[in-house]
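Encoded as structure tokens, the structure appears first; notes follow it.
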Amino acid sequence: MERTVPGPATAPSPPPGAPHPAGRARPRPAPDGTGLLGGLLGDDLLDGVPRPREMRATAPTAIAAPVPAALSRLRRVRPRHFLPTPTGTPFTFAYAAVLAVTSLVAAFADPALVHTLQQGSSTDVAHLARTPVLVLLASALWIAGGVVSPYAAAFVLVLSALERRIGAARAAGVFLAGHVLATLATEVPVGLAVLAGHLPDSSLHRLDYGISFGVAAAVGALAGLLAPWPRRLLLVPVAGALLVDLAAFRDPMTDWGHLIALAIGVATWPWVRRARARA
């Protein structure tokens, strides 16, 4: 036989609106959507039932839209994020310091001394045939046009962004690949043309130095790490400007070198994307 325990007797609850036993009228329930339920179950029962969360939320909180994640990230961006730092981008920072020194030498040293240094660093065919490694490295220590050159600003911004995404060693590899391969791709045909008699012997000593090939390769590689629209906004103007320079035919060998270096950077997209994933 199941055992039962009788519950305490409860007095019947007065009807809604009737005077309270203490002599005061019971307050009417707030118009929160529970009036019908209160009429069916009784207000005393609803006193112990938790209200739905939607009813407890205030109106401003309920209708407030969340702040987009992209906007919150944009607020955290600072100007220093675009510049090289000793810890964040050591390769770009150290390289920029060296370029600043050589630019000061080019601006304030004796012009004859500067010409001798730059001539000795030139990656012309004659130097490449004798000391290829030395001149390939030395030619990347000068900025054609100095610190006011557009390539100086592009070097700082592009190399910093690339290095933050794939690391110092890989960013240096992209820069050197563009500098070395584009130099060889433009100078070797000059040497062959001189041997074939299509160009004079003076073409073997053409002055050629600077960082522009490496910067163009870094631009191409960085574009592969961006979203589609930022990628187009970076690649289309750069490629268009290089094509305009080539069409002007002022310095076709250098202009071809810039396009080749940009293509080299684009060719590194699978590699830099894997590098970013590992980083």
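Just remember, in the structure tokens the first chain shown is A, the second B, etc., residues are 1-based per chain, and ligands are 1-based in the order shown.
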
Residue contacts of A:Leu225 (12 Å, only C-alpha atoms) excluding same-chain residues fewer than 6 positions away, as a list in words: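 Here the qualifying residues turn out to be Val158, Ala161, Leu162, Glu163, Arg164, Arg165, Ile166, Ala218, Val219, Arg231, Arg232, Leu234, Leu235, Gly265, Val266, Thr268, Trp269, Pro270, Trp271, Val272, Arg273, Arg274, Ala275, Arg276 and Ala277 of chain A.
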
When you count only C-alpha atoms, which of these residues is closest to A:Thr87: A:Leu184, A:Leu137, A:Ala168, A:Leu157?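 With only C-alpha atoms as the atom set, the closest residue is A:Ala168.
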
Distance in Å - atom CA of A:Asp245 versus atom CA of A:Trp142: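 That distance, rounded to one decimal, is 21.3 Å.
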
Select, from A:Gly173, A:Gly167, A:Gly197, A:Gly178, the residue with the minimum atom-to-atom distance to A:Ser212, counting only C-alpha atoms.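 Of A:Gly173, A:Gly167, A:Gly197, A:Gly178, the one nearest A:Ser212 is A:Gly178, counting only C-alpha atoms.
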
Selection: 8 Å around stretch 120-123 of chain A, only C-alpha atoms, excl. self and same-chain fewer than 6 positions, as a list in words: Pro132, Leu134, Val135, Leu136, Ala138, Ser139, Thr183, Glu187, Arg206, Leu207, Asp208 and Tyr209 of chain A

Counting only C-alpha atoms, which of A:Ala241, A:Leu246, A:Ala263, A:Ala144 gets nearest to A:Ala216?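 Nearest candidate to A:Ala216 out of A:Ala241, A:Leu246, A:Ala263, A:Ala144: A:Ala263.
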
Running DSSP on the backbone, which parts of stretch 137-259 of chain A land in helix (DSSP H, G or I), as a PDB file with C-alpha atoms, in the first residue's frame?
```
ATOM      1  CA  LEU A 137      74.296  41.422 -52.281  1.00  0.00           C
ATOM      2  CA  ALA A 138      75.984  44.817 -52.529  1.00  0.00           C
ATOM      3  CA  SER A 139      73.545  46.139 -55.111  1.00  0.00           C
ATOM      4  CA  ALA A 140      70.684  45.627 -52.643  1.00  0.00           C
ATOM      5  CA  LEU A 141      72.274  48.056 -50.164  1.00  0.00           C
ATOM      6  CA  GLY A 146      67.360  57.797 -51.877  1.00  0.00           C
ATOM      7  CA  VAL A 147      64.844  57.812 -49.042  1.00  0.00           C
ATOM      8  CA  VAL A 148      62.460  60.033 -51.033  1.00  0.00           C
ATOM      9  CA  PRO A 150      58.570  55.564 -53.648  1.00  0.00           C
ATOM     10  CA  TYR A 151      60.382  52.255 -53.316  1.00  0.00           C
ATOM     11  CA  ALA A 152      61.708  53.340 -49.903  1.00  0.00           C
ATOM     12  CA  ALA A 153      58.184  53.798 -48.522  1.00  0.00           C
ATOM     13  CA  ALA A 154      57.004  50.616 -50.244  1.00  0.00           C
ATOM     14  CA  PHE A 155      59.911  48.699 -48.727  1.00  0.00           C
ATOM     15  CA  VAL A 156      58.977  49.742 -45.183  1.00  0.00           C
ATOM     16  CA  LEU A 157      55.243  49.128 -45.497  1.00  0.00           C
ATOM     17  CA  VAL A 158      55.217  46.012 -47.672  1.00  0.00           C
ATOM     18  CA  LEU A 159      58.124  44.185 -46.067  1.00  0.00           C
ATOM     19  CA  SER A 160      56.768  44.903 -42.583  1.00  0.00           C
ATOM     20  CA  ALA A 161      53.345  43.509 -43.511  1.00  0.00           C
ATOM     21  CA  LEU A 162      54.849  40.466 -45.203  1.00  0.00           C
ATOM     22  CA  GLU A 163      57.248  39.694 -42.369  1.00  0.00           C
ATOM     23  CA  ARG A 164      54.499  39.915 -39.740  1.00  0.00           C
ATOM     24  CA  ARG A 165      52.577  37.250 -41.624  1.00  0.00           C
ATOM     25  CA  ILE A 166      55.247  34.733 -42.636  1.00  0.00           C
ATOM     26  CA  ALA A 168      61.666  37.127 -41.002  1.00  0.00           C
ATOM     27  CA  ALA A 169      63.460  34.294 -42.802  1.00  0.00           C
ATOM     28  CA  ARG A 170      60.677  33.709 -45.314  1.00  0.00           C
ATOM     29  CA  ALA A 171      60.215  37.419 -45.988  1.00  0.00           C
ATOM     30  CA  ALA A 172      63.947  37.711 -46.638  1.00  0.00           C
ATOM     31  CA  GLY A 173      63.713  34.730 -48.975  1.00  0.00           C
ATOM     32  CA  VAL A 174      60.930  36.365 -51.018  1.00  0.00           C
ATOM     33  CA  PHE A 175      62.867  39.624 -51.261  1.00  0.00           C
ATOM     34  CA  LEU A 176      66.111  37.952 -52.301  1.00  0.00           C
ATOM     35  CA  ALA A 177      64.335  35.694 -54.807  1.00  0.00           C
ATOM     36  CA  GLY A 178      62.849  38.698 -56.552  1.00  0.00           C
ATOM     37  CA  HIS A 179      66.092  40.664 -56.438  1.00  0.00           C
ATOM     38  CA  VAL A 180      68.341  37.866 -57.668  1.00  0.00           C
ATOM     39  CA  LEU A 181      66.091  36.162 -60.213  1.00  0.00           C
ATOM     40  CA  ALA A 182      64.808  39.364 -61.803  1.00  0.00           C
ATOM     41  CA  THR A 183      68.374  40.698 -62.032  1.00  0.00           C
ATOM     42  CA  LEU A 184      69.590  37.559 -63.770  1.00  0.00           C
ATOM     43  CA  ALA A 185      66.536  37.479 -66.029  1.00  0.00           C
ATOM     44  CA  THR A 186      67.356  40.960 -67.323  1.00  0.00           C
ATOM     45  CA  GLU A 187      71.150  40.941 -67.352  1.00  0.00           C
ATOM     46  CA  VAL A 188      71.772  37.525 -68.931  1.00  0.00           C
ATOM     47  CA  PRO A 189      69.893  38.469 -72.139  1.00  0.00           C
ATOM     48  CA  VAL A 190      72.006  41.646 -72.315  1.00  0.00           C
ATOM     49  CA  GLY A 191      75.184  39.578 -72.220  1.00  0.00           C
ATOM     50  CA  LEU A 192      73.862  37.235 -74.882  1.00  0.00           C
ATOM     51  CA  ALA A 193      72.846  40.173 -77.066  1.00  0.00           C
ATOM     52  CA  VAL A 194      76.356  41.646 -76.781  1.00  0.00           C
ATOM     53  CA  LEU A 195      77.874  38.317 -77.771  1.00  0.00           C
ATOM     54  CA  ASP A 201      80.112  46.443 -75.495  1.00  0.00           C
ATOM     55  CA  SER A 202      79.172  49.421 -73.302  1.00  0.00           C
ATOM     56  CA  SER A 203      76.003  47.535 -72.328  1.00  0.00           C
ATOM     57  CA  LEU A 204      78.192  45.182 -70.289  1.00  0.00           C
ATOM     58  CA  HIS A 205      78.935  48.025 -67.845  1.00  0.00           C
ATOM     59  CA  SER A 212      63.106  47.779 -56.490  1.00  0.00           C
ATOM     60  CA  PHE A 213      63.132  44.173 -57.755  1.00  0.00           C
ATOM     61  CA  GLY A 214      62.923  42.804 -54.220  1.00  0.00           C
ATOM     62  CA  VAL A 215      60.136  45.225 -53.299  1.00  0.00           C
ATOM     63  CA  ALA A 216      58.126  44.244 -56.382  1.00  0.00           C
ATOM     64  CA  ALA A 217      58.427  40.568 -55.435  1.00  0.00           C
ATOM     65  CA  ALA A 218      57.320  41.349 -51.878  1.00  0.00           C
ATOM     66  CA  VAL A 219      54.262  43.185 -53.219  1.00  0.00           C
ATOM     67  CA  GLY A 220      53.319  40.164 -55.311  1.00  0.00           C
ATOM     68  CA  ALA A 221      53.774  37.778 -52.390  1.00  0.00           C
ATOM     69  CA  LEU A 222      51.837  39.972 -49.937  1.00  0.00           C
ATOM     70  CA  ALA A 223      48.893  40.150 -52.331  1.00  0.00           C
ATOM     71  CA  PRO A 228      40.178  39.100 -52.747  1.00  0.00           C
ATOM     72  CA  TRP A 229      39.227  42.781 -52.796  1.00  0.00           C
ATOM     73  CA  PRO A 230      42.349  44.092 -50.959  1.00  0.00           C
ATOM     74  CA  ARG A 231      44.391  41.828 -53.245  1.00  0.00           C
ATOM     75  CA  ARG A 232      42.931  43.521 -56.314  1.00  0.00           C
ATOM     76  CA  LEU A 233      43.379  46.974 -54.819  1.00  0.00           C
ATOM     77  CA  LEU A 234      47.075  46.204 -54.343  1.00  0.00           C
ATOM     78  CA  LEU A 235      47.912  44.284 -57.509  1.00  0.00           C
ATOM     79  CA  VAL A 236      45.942  46.185 -60.142  1.00  0.00           C
ATOM     80  CA  PRO A 237      47.431  49.670 -59.505  1.00  0.00           C
ATOM     81  CA  VAL A 238      50.969  48.319 -59.104  1.00  0.00           C
ATOM     82  CA  ALA A 239      50.828  46.193 -62.246  1.00  0.00           C
ATOM     83  CA  GLY A 240      49.201  49.041 -64.141  1.00  0.00           C
ATOM     84  CA  ALA A 241      51.925  51.489 -63.139  1.00  0.00           C
ATOM     85  CA  LEU A 242      54.633  49.036 -64.202  1.00  0.00           C
ATOM     86  CA  LEU A 243      52.967  48.481 -67.560  1.00  0.00           C
ATOM     87  CA  VAL A 244      52.731  52.243 -68.107  1.00  0.00           C
ATOM     88  CA  ASP A 245      56.468  52.565 -67.402  1.00  0.00           C
ATOM     89  CA  LEU A 246      57.206  49.756 -69.834  1.00  0.00           C
ATOM     90  CA  ALA A 247      55.059  51.368 -72.528  1.00  0.00           C
ATOM     91  CA  ALA A 248      56.961  54.634 -72.089  1.00  0.00           C
ATOM     92  CA  PRO A 252      62.811  48.809 -70.760  1.00  0.00           C
ATOM     93  CA  MET A 253      65.284  46.444 -69.115  1.00  0.00           C
ATOM     94  CA  THR A 254      64.515  47.748 -65.613  1.00  0.00           C
ATOM     95  CA  ASP A 255      60.782  47.903 -66.347  1.00  0.00           C
ATOM     96  CA  TRP A 256      60.801  44.298 -67.508  1.00  0.00           C
ATOM     97  CA  GLY A 257      62.689  43.408 -64.346  1.00  0.00           C
ATOM     98  CA  HIS A 258      59.947  44.959 -62.194  1.00  0.00           C
ATOM     99  CA  LEU A 259      57.246  42.961 -63.964  1.00  0.00           C
TER     100      LEU A 259
END
```

Quick check, in Å to one decimal: how far apart do atom CA of A:Ile143 and atom CA of A:Gly210 lie? 4.9 Å
